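Structure file entry03.txt with compact mmCIF, C-alpha atoms:
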```txt
# COMPACT_ATOMS: atom_id res chain seq x y z
CA MET A 62 -34.78 -20.74 40.01
CA ASN A 63 -31.32 -21.41 41.37
CA PHE A 64 -28.40 -23.05 39.58
CA THR A 65 -28.70 -26.30 41.55
CA GLN A 66 -32.32 -26.71 40.46
CA LEU A 67 -31.48 -25.96 36.81
CA ARG A 68 -28.58 -28.39 36.88
CA ALA A 69 -30.80 -31.13 38.35
CA PHE A 70 -33.49 -30.49 35.74
CA HIS A 71 -30.96 -30.56 32.90
CA ALA A 72 -29.47 -33.85 34.13
CA VAL A 73 -32.89 -35.49 34.39
CA ALA A 74 -33.94 -34.24 30.96
CA ALA A 75 -30.65 -35.30 29.38
CA THR A 76 -30.50 -38.78 30.93
CA GLY A 77 -34.23 -39.54 30.99
CA GLY A 78 -34.41 -40.54 34.65
CA PHE A 79 -33.71 -39.55 38.25
CA THR A 80 -31.31 -42.40 38.95
CA LYS A 81 -29.11 -41.73 35.95
CA ALA A 82 -29.26 -37.98 36.64
CA ALA A 83 -28.09 -38.56 40.23
CA GLU A 84 -25.20 -40.71 38.98
CA SER A 85 -24.13 -38.08 36.45
CA LEU A 86 -24.19 -35.39 39.16
CA ASN A 87 -22.58 -37.63 41.77
CA VAL A 88 -25.40 -36.98 44.25
CA THR A 89 -28.18 -39.13 45.73
CA GLN A 90 -31.43 -39.75 43.88
CA PRO A 91 -33.53 -38.18 46.70
CA ALA A 92 -31.48 -34.98 46.35
CA VAL A 93 -32.37 -34.77 42.66
CA THR A 94 -36.00 -35.54 43.40
CA ARG A 95 -36.15 -32.75 46.01
CA GLN A 96 -34.66 -30.21 43.61
CA MET A 97 -37.14 -31.12 40.87
CA LYS A 98 -40.11 -31.05 43.24
CA ALA A 99 -39.07 -27.65 44.59
CA LEU A 100 -38.61 -26.26 41.08
CA GLU A 101 -42.06 -27.39 39.91
CA GLU A 102 -43.79 -26.24 43.12
CA ASP A 103 -42.04 -22.85 43.15
CA TYR A 104 -43.40 -22.03 39.71
CA GLY A 105 -46.57 -24.09 39.79
CA ILE A 106 -45.75 -25.96 36.59
CA ALA A 107 -45.10 -29.51 35.44
CA LEU A 108 -41.85 -30.13 33.61
CA PHE A 109 -42.27 -33.90 33.14
CA HIS A 110 -45.06 -36.33 32.46
CA ARG A 111 -44.42 -39.36 34.67
CA GLN A 112 -45.65 -42.58 33.16
CA GLY A 113 -44.47 -45.41 35.37
CA HIS A 114 -40.67 -45.40 35.29
CA ARG A 115 -40.62 -43.37 32.12
CA LEU A 116 -40.38 -39.57 31.99
CA GLU A 117 -41.43 -37.34 29.13
CA LEU A 118 -40.88 -33.61 28.90
CA THR A 119 -43.94 -31.39 28.94
CA GLU A 120 -44.09 -28.47 26.52
CA ALA A 121 -42.71 -26.15 29.22
CA GLY A 122 -40.10 -28.75 30.09
CA GLN A 123 -38.96 -28.99 26.47
CA ASP A 124 -38.67 -25.20 26.21
CA LEU A 125 -36.63 -25.09 29.43
CA PHE A 126 -34.45 -27.98 28.21
CA ASN A 127 -33.70 -26.06 25.00
CA VAL A 128 -32.47 -23.17 27.13
CA SER A 129 -30.52 -25.36 29.57
CA GLN A 130 -28.74 -27.06 26.68
CA ARG A 131 -27.46 -23.70 25.52
CA ILE A 132 -26.48 -22.66 29.05
CA PHE A 133 -24.57 -25.83 29.88
CA GLY A 134 -23.11 -25.91 26.38
CA LEU A 135 -21.65 -22.45 27.00
CA ILE A 136 -20.38 -23.52 30.42
CA ALA A 137 -18.63 -26.49 28.81
CA GLU A 138 -17.20 -24.19 26.14
CA ALA A 139 -15.94 -21.81 28.82
CA GLY A 140 -14.31 -24.75 30.58
CA ASP A 141 -12.62 -25.81 27.35
CA ILE A 142 -11.27 -22.29 26.87
CA VAL A 143 -9.70 -21.95 30.31
CA THR A 144 -8.45 -25.54 30.31
CA GLY A 145 -6.98 -25.17 26.83
CA GLU A 146 -5.20 -21.92 27.69
CA SER A 147 -4.02 -23.28 31.03
CA GLN A 148 -2.53 -26.32 29.29
CA LEU A 149 -1.34 -24.19 26.34
CA GLN A 150 -3.53 -26.21 23.98
CA GLY A 151 -5.65 -23.24 22.99
CA GLY A 152 -6.22 -19.59 23.76
CA SER A 153 -4.04 -16.73 22.62
CA LEU A 154 -0.91 -14.80 23.50
CA ARG A 155 -0.54 -11.11 22.63
CA VAL A 156 3.05 -10.09 22.02
CA GLY A 157 4.56 -6.66 21.46
CA ALA A 158 7.98 -5.88 20.00
CA ASP A 159 9.90 -2.78 18.95
CA SER A 160 11.91 -4.67 16.33
CA PRO A 161 11.27 -7.76 14.19
CA TYR A 162 14.92 -8.78 14.50
CA TYR A 163 14.83 -11.34 17.35
CA ILE A 164 11.14 -11.67 18.04
CA MET A 165 10.40 -13.75 14.93
CA GLU A 166 12.87 -16.43 16.04
CA ILE A 167 11.11 -16.65 19.39
CA LEU A 168 7.63 -16.69 17.83
CA ALA A 169 8.64 -19.49 15.46
CA ALA A 170 9.96 -21.60 18.35
CA PHE A 171 6.87 -20.85 20.46
CA LYS A 172 4.50 -21.79 17.64
CA GLU A 173 6.40 -25.01 17.00
CA GLN A 174 6.03 -26.09 20.64
CA TYR A 175 2.49 -24.77 21.14
CA PRO A 176 0.81 -24.98 17.72
CA SER A 177 -2.72 -24.59 19.11
CA MET A 178 -1.98 -21.23 20.73
CA SER A 179 -2.98 -18.20 18.66
CA LEU A 180 -0.37 -15.43 18.45
CA SER A 181 -0.98 -11.74 17.76
CA VAL A 182 1.96 -9.36 17.40
CA SER A 183 2.03 -5.58 17.80
CA MET A 184 5.04 -3.72 16.40
CA SER A 185 5.60 -0.28 17.92
CA ASN A 186 8.13 1.85 19.78
CA ALA A 187 9.18 1.16 23.37
CA LYS A 188 7.04 3.94 24.88
CA ASP A 189 3.84 2.68 23.23
CA LEU A 190 4.62 -0.94 24.12
CA PHE A 191 5.12 -0.17 27.81
CA ARG A 192 1.80 1.72 27.71
CA ALA A 193 0.18 -1.33 26.08
CA LEU A 194 1.56 -3.57 28.83
CA ARG A 195 0.21 -1.25 31.51
CA ASN A 196 -3.23 -1.24 29.88
CA PHE A 197 -3.37 -5.04 29.45
CA GLU A 198 -3.42 -4.62 25.65
CA ILE A 199 -0.51 -7.08 25.28
CA ASP A 200 0.62 -9.91 27.56
CA VAL A 201 4.37 -9.83 27.01
CA GLY A 202 6.82 -7.61 25.17
CA MET A 203 10.31 -7.62 23.72
CA ILE A 204 11.35 -4.05 24.32
CA THR A 205 14.49 -1.92 24.29
CA ALA A 206 15.00 -0.11 27.60
CA ILE A 207 17.69 1.31 29.83
CA ASP A 208 15.97 -0.31 32.81
CA LEU A 209 12.54 -1.58 33.80
CA ALA A 210 10.01 0.27 35.95
CA PRO A 211 9.11 -1.48 39.25
CA GLU A 212 5.73 -2.61 37.89
CA PHE A 213 7.42 -4.88 35.34
CA VAL A 214 9.41 -8.08 35.54
CA GLY A 215 11.77 -9.17 32.80
CA ARG A 216 14.97 -10.74 31.60
CA THR A 217 17.65 -9.16 29.48
CA PHE A 218 17.74 -10.88 26.12
CA THR A 219 20.87 -9.06 24.93
CA GLN A 220 22.76 -5.83 25.56
CA LEU A 221 22.75 -2.99 23.03
CA LEU A 222 25.61 -0.51 22.58
CA LEU A 223 25.12 2.89 20.97
CA THR A 224 27.06 3.15 17.68
CA LEU A 225 27.05 5.30 14.53
CA LEU A 226 25.92 4.13 11.09
CA VAL A 227 27.54 5.56 7.97
CA PRO A 228 27.24 4.52 4.31
CA GLU A 229 29.68 1.78 3.32
CA ASN A 230 31.01 3.93 0.47
CA HIS A 231 31.72 6.92 2.75
CA SER A 232 35.31 7.79 3.70
CA TRP A 233 34.42 7.20 7.35
CA SER A 234 33.68 3.56 6.60
CA ARG A 235 37.38 2.90 7.31
CA HIS A 236 36.92 4.18 10.88
CA LYS A 237 36.50 1.75 13.74
CA THR A 238 35.90 4.42 16.37
CA ILE A 239 34.75 8.01 16.36
CA SER A 240 34.43 10.84 18.87
CA LEU A 241 31.18 12.75 19.18
CA SER A 242 33.09 16.00 18.59
CA GLU A 243 33.71 14.82 15.01
CA LEU A 244 29.96 14.91 14.36
CA LYS A 245 29.77 18.70 14.62
CA ASP A 246 28.03 20.07 11.49
CA GLN A 247 27.59 16.54 10.07
CA PRO A 248 24.08 15.58 8.83
CA ILE A 249 22.38 13.44 11.46
CA ILE A 250 19.28 11.30 11.01
CA LEU A 251 17.35 10.49 14.18
CA ARG A 252 14.42 8.40 15.31
CA GLU A 253 11.41 10.05 16.96
CA PRO A 254 12.19 11.85 20.27
CA THR A 255 10.66 9.07 22.41
CA SER A 256 12.98 6.45 20.89
CA VAL A 257 15.52 4.99 23.34
CA THR A 258 18.20 5.32 20.64
CA CYS A 259 17.38 9.00 20.15
CA MET A 260 17.30 9.75 23.87
CA LEU A 261 20.65 8.04 24.52
CA PHE A 262 22.31 9.78 21.58
CA LYS A 263 21.04 13.24 22.55
CA GLU A 264 22.14 12.70 26.14
CA ALA A 265 25.62 11.65 24.98
CA LEU A 266 25.84 14.73 22.73
CA GLN A 267 24.79 17.01 25.58
CA ILE A 268 27.42 15.54 27.91
CA ALA A 269 30.05 15.97 25.17
CA GLY A 270 28.90 19.54 24.49
CA VAL A 271 28.13 18.83 20.84
CA GLU A 272 25.09 20.22 19.01
CA ALA A 273 23.66 17.85 16.42
CA ASN A 274 22.80 18.96 12.89
CA VAL A 275 19.59 16.95 12.62
CA VAL A 276 18.48 16.86 8.99
CA MET A 277 15.71 14.28 9.33
CA GLU A 278 13.55 12.49 11.91
CA LEU A 279 12.07 9.11 10.97
CA ARG A 280 9.61 6.80 12.66
CA ASN A 281 11.50 3.50 12.69
CA GLN A 282 15.03 2.13 12.44
CA VAL A 283 14.43 0.33 9.15
CA THR A 284 13.61 3.67 7.50
CA VAL A 285 16.60 5.29 9.19
CA ARG A 286 18.86 2.62 7.72
CA GLU A 287 17.49 3.22 4.24
CA ALA A 288 18.14 6.95 4.59
CA VAL A 289 21.74 6.34 5.68
CA ALA A 290 22.29 3.86 2.85
CA ALA A 291 21.02 6.53 0.43
CA GLY A 292 23.68 8.95 1.68
CA LEU A 293 21.30 11.36 3.43
CA GLY A 294 23.30 11.43 6.65
CA PHE A 295 24.67 9.45 9.59
CA ALA A 296 22.54 7.86 12.31
CA PRO A 297 22.95 6.41 15.78
CA GLU A 298 21.94 2.78 16.21
CA LEU A 299 21.97 0.32 19.06
CA ALA A 300 24.29 -2.45 17.94
CA GLY A 301 22.66 -5.85 18.39
CA GLY A 302 19.16 -4.68 17.56
CA MET A 303 19.27 -5.15 13.77
CA ARG A 304 20.91 -7.48 11.28
CA GLN A 305 24.09 -6.54 9.49
CA ASP A 306 23.55 -4.58 6.26
CA GLU A 307 26.38 -4.64 3.70
CA ARG A 308 25.43 -1.13 2.59
CA LEU A 309 26.20 0.24 6.03
CA HIS A 310 29.28 0.52 8.23
CA ARG A 311 29.05 0.64 12.01
CA ILE A 312 31.45 2.81 14.02
CA THR A 313 31.98 2.53 17.77
CA ILE A 314 31.33 5.83 19.56
CA ILE A 315 34.12 6.51 22.06
CA GLU A 316 31.84 8.40 24.48
CA ALA A 317 28.95 5.95 24.17
CA PRO A 318 26.89 5.53 27.35
CA ASP A 319 26.61 2.23 29.16
CA PRO A 320 24.73 -0.40 27.11
CA CYS A 321 20.97 -0.65 27.42
CA HIS A 322 19.13 -3.94 26.94
CA GLU A 323 16.54 -5.75 24.92
CA TYR A 324 14.14 -7.11 27.53
CA ILE A 325 11.60 -9.88 27.53
CA THR A 326 9.12 -8.28 29.93
CA CYS A 327 5.58 -8.29 31.27
CA ARG A 328 3.53 -6.84 34.10
CA LYS A 329 4.42 -8.41 37.45
CA ASP A 330 0.82 -9.48 37.96
CA LEU A 331 0.83 -11.39 34.66
CA TYR A 332 4.12 -13.23 35.15
CA SER A 333 2.39 -16.18 36.87
CA LEU A 334 0.31 -16.94 33.74
CA ARG A 335 1.46 -20.21 32.19
CA LYS A 336 1.45 -18.81 28.66
CA VAL A 337 3.65 -15.88 29.71
CA GLN A 338 6.09 -18.15 31.54
CA ALA A 339 6.14 -20.41 28.49
CA PHE A 340 7.13 -17.44 26.32
CA PHE A 341 9.95 -16.54 28.71
CA ASP A 342 11.13 -20.15 28.69
CA ILE A 343 11.11 -20.31 24.88
CA ALA A 344 13.13 -17.07 24.70
CA GLU A 345 15.63 -18.57 27.11
CA LYS A 346 16.02 -21.60 24.83
CA VAL A 347 16.33 -19.50 21.66
CA ALA A 348 18.99 -17.11 23.00
CA PRO A 349 21.90 -19.61 23.13
CA VAL A 350 21.05 -20.74 19.59
CA LEU A 351 21.37 -17.16 18.33
CA VAL A 352 24.66 -16.76 20.17
CA LYS A 353 26.03 -19.81 18.34
CA ARG A 354 24.92 -18.30 15.05
CA LYS A 355 26.74 -15.10 16.07
CA ILE A 356 23.50 -13.16 15.74
CA LEU A 357 23.35 -12.44 19.45
CA THR A 358 26.29 -11.16 21.49
CA SER A 359 25.08 -12.39 24.88
CA PRO A 360 22.47 -14.86 26.08
CA LEU A 361 19.32 -14.07 28.00
CA GLN A 362 20.00 -13.42 31.67
CA GLY A 363 18.14 -13.41 34.98
CA LYS A 364 15.11 -11.55 36.26
CA HIS A 365 14.93 -7.82 36.84
CA ASN A 366 12.26 -6.38 39.11
```
Before we go any further, please render this structure as structure tokens.
Amino acid sequence: MNFTQLRAFHAVAATGGFTKAAESLNVTQPAVTRQMKALEEDYGIALFHRQGHRLELTEAGQDLFNVSQRIFGLIAEAGDIVTGESQLQGGSLRVGADSPYYIMEILAAFKEQYPSMSLSVSMSNAKDLFRALRNFEIDVGMITAIDLAPEFVGRTFTQLLLTLLVPENHSWSRHKTISLSELKDQPIILREPTSVTCMLFKEALQIAGVEANVVMELRNQVTVREAVAAGLGFAPELAGGMRQDERLHRITIIEAPDPCHEYITCRKDLYSLRKVQAFFDIAEKVAPVLVKRKILTSPLQGKHN
């Protein structure tokens, strides 16, 4: 049995006649008749009792119609899925982010414009998120990076400058700038080694010839902030990646490397998806709003290959 024969049978069974079936399929009545005759002859069965102009399903015909209803129901459902996602009226978007700071603003704006789209969000570090993008585990990410690998396309949402966090009640809280040489023997709290913040800070220390007195390594920046606020040490942080905390004071590092960026990014081969482009567009609309609120220092900029 081929698909054309099954489709012809289903149309005849659903409409109750060859003429109506032909109209529903947009083909001629003889074409439907040929398909039905071939189907019955190929298997040596009768699918309809023909009584004048009226057709009734045989027992075998009814059983086949039960199956064809499920098949064509699933085909219709599949069509609804792809049409809904294509028109952003259904489907899902998988988002990854290394910080909740900006991403929630974008998600809120996206959900407001596309309420029928389902959103799932993965929070992790930059290394794991790039791996997730490579493995098609997420569709789009908001990720801190120095630059993007050639396999990705993205836009810089904002730039991030390496600074030092100290407790607000510390004597250094009156400092606006600091040299890395002043950190010798001071207690330093770092993120995990794969963190962009950690890598930039260690590279800057190495260039300055300063050995860090690392007293603690923590998994995420929120925990790092809590440790600094508790007076356990000082910590590097990329300014622009987290909200201001009145318990903490930020000091500009004189020898800080060039700023890195928070990217909206995806695989190049996924950029043409309408839902991914819609996410990029929403981020582009949100960025100027955050600049006006003085939450963001610079708006989202052009593509990077």
Find the residues near A:Leu293: any atom within 10 Å, counting only C-alpha atoms, skip ones fewer than 3 places away on the same chain, and give them as an NGL selection string. :A and (227-228 or 248-250 or 276-277 or 285 or 287-290 or 296)
Mind pulling up the distance from atom CA of A:Ala300 to atom CA of A:His236? 15.9 Å
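When atom CA of A:Ala269 is paired with atom CA of A:Leu241, their separation reads 6.9 Å.
For the set A:Ala210, A:Ser183, A:Glu307, A:Arg192, the residue with the smallest atom-to-atom gap to A:Lys329 is A:Ala210, counting all atoms listed in the file.
Counting from atom CA of A:Arg216, the distance to atom CA of A:Leu351 is 16.1 Å.
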Nearby residues, (2.1, 2.1, 35.4) file frame, 9 Å, all atoms listed in the file, as number ranges by chain: A: 191-192, 194-196, 210-213
Mind writing the picked residues with C-alpha atoms as a compact mmCIF listing (two decimals), in the coordinates of the input?
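Below you can see result-v7.txt, which holds the result:
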```txt
# COMPACT_ATOMS: atom_id res chain seq x y z
CA PHE A 191 5.12 -0.17 27.81
CA ARG A 192 1.80 1.72 27.71
CA LEU A 194 1.56 -3.57 28.83
CA ARG A 195 0.21 -1.25 31.51
CA ASN A 196 -3.23 -1.24 29.88
CA ALA A 210 10.01 0.27 35.95
CA PRO A 211 9.11 -1.48 39.25
CA GLU A 212 5.73 -2.61 37.89
CA PHE A 213 7.42 -4.88 35.34
```
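Of the residues listed (A:Arg252, A:His231, A:His322, A:Arg115), A:His322 shows the shortest atom-to-atom separation from A:Gly302; distances use all atoms listed in the file.
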If you count only C-alpha atoms, the residue of A:Lys81, A:Val214, A:Asn63, A:Leu251 closest to A:Ser333 turns out to be A:Val214
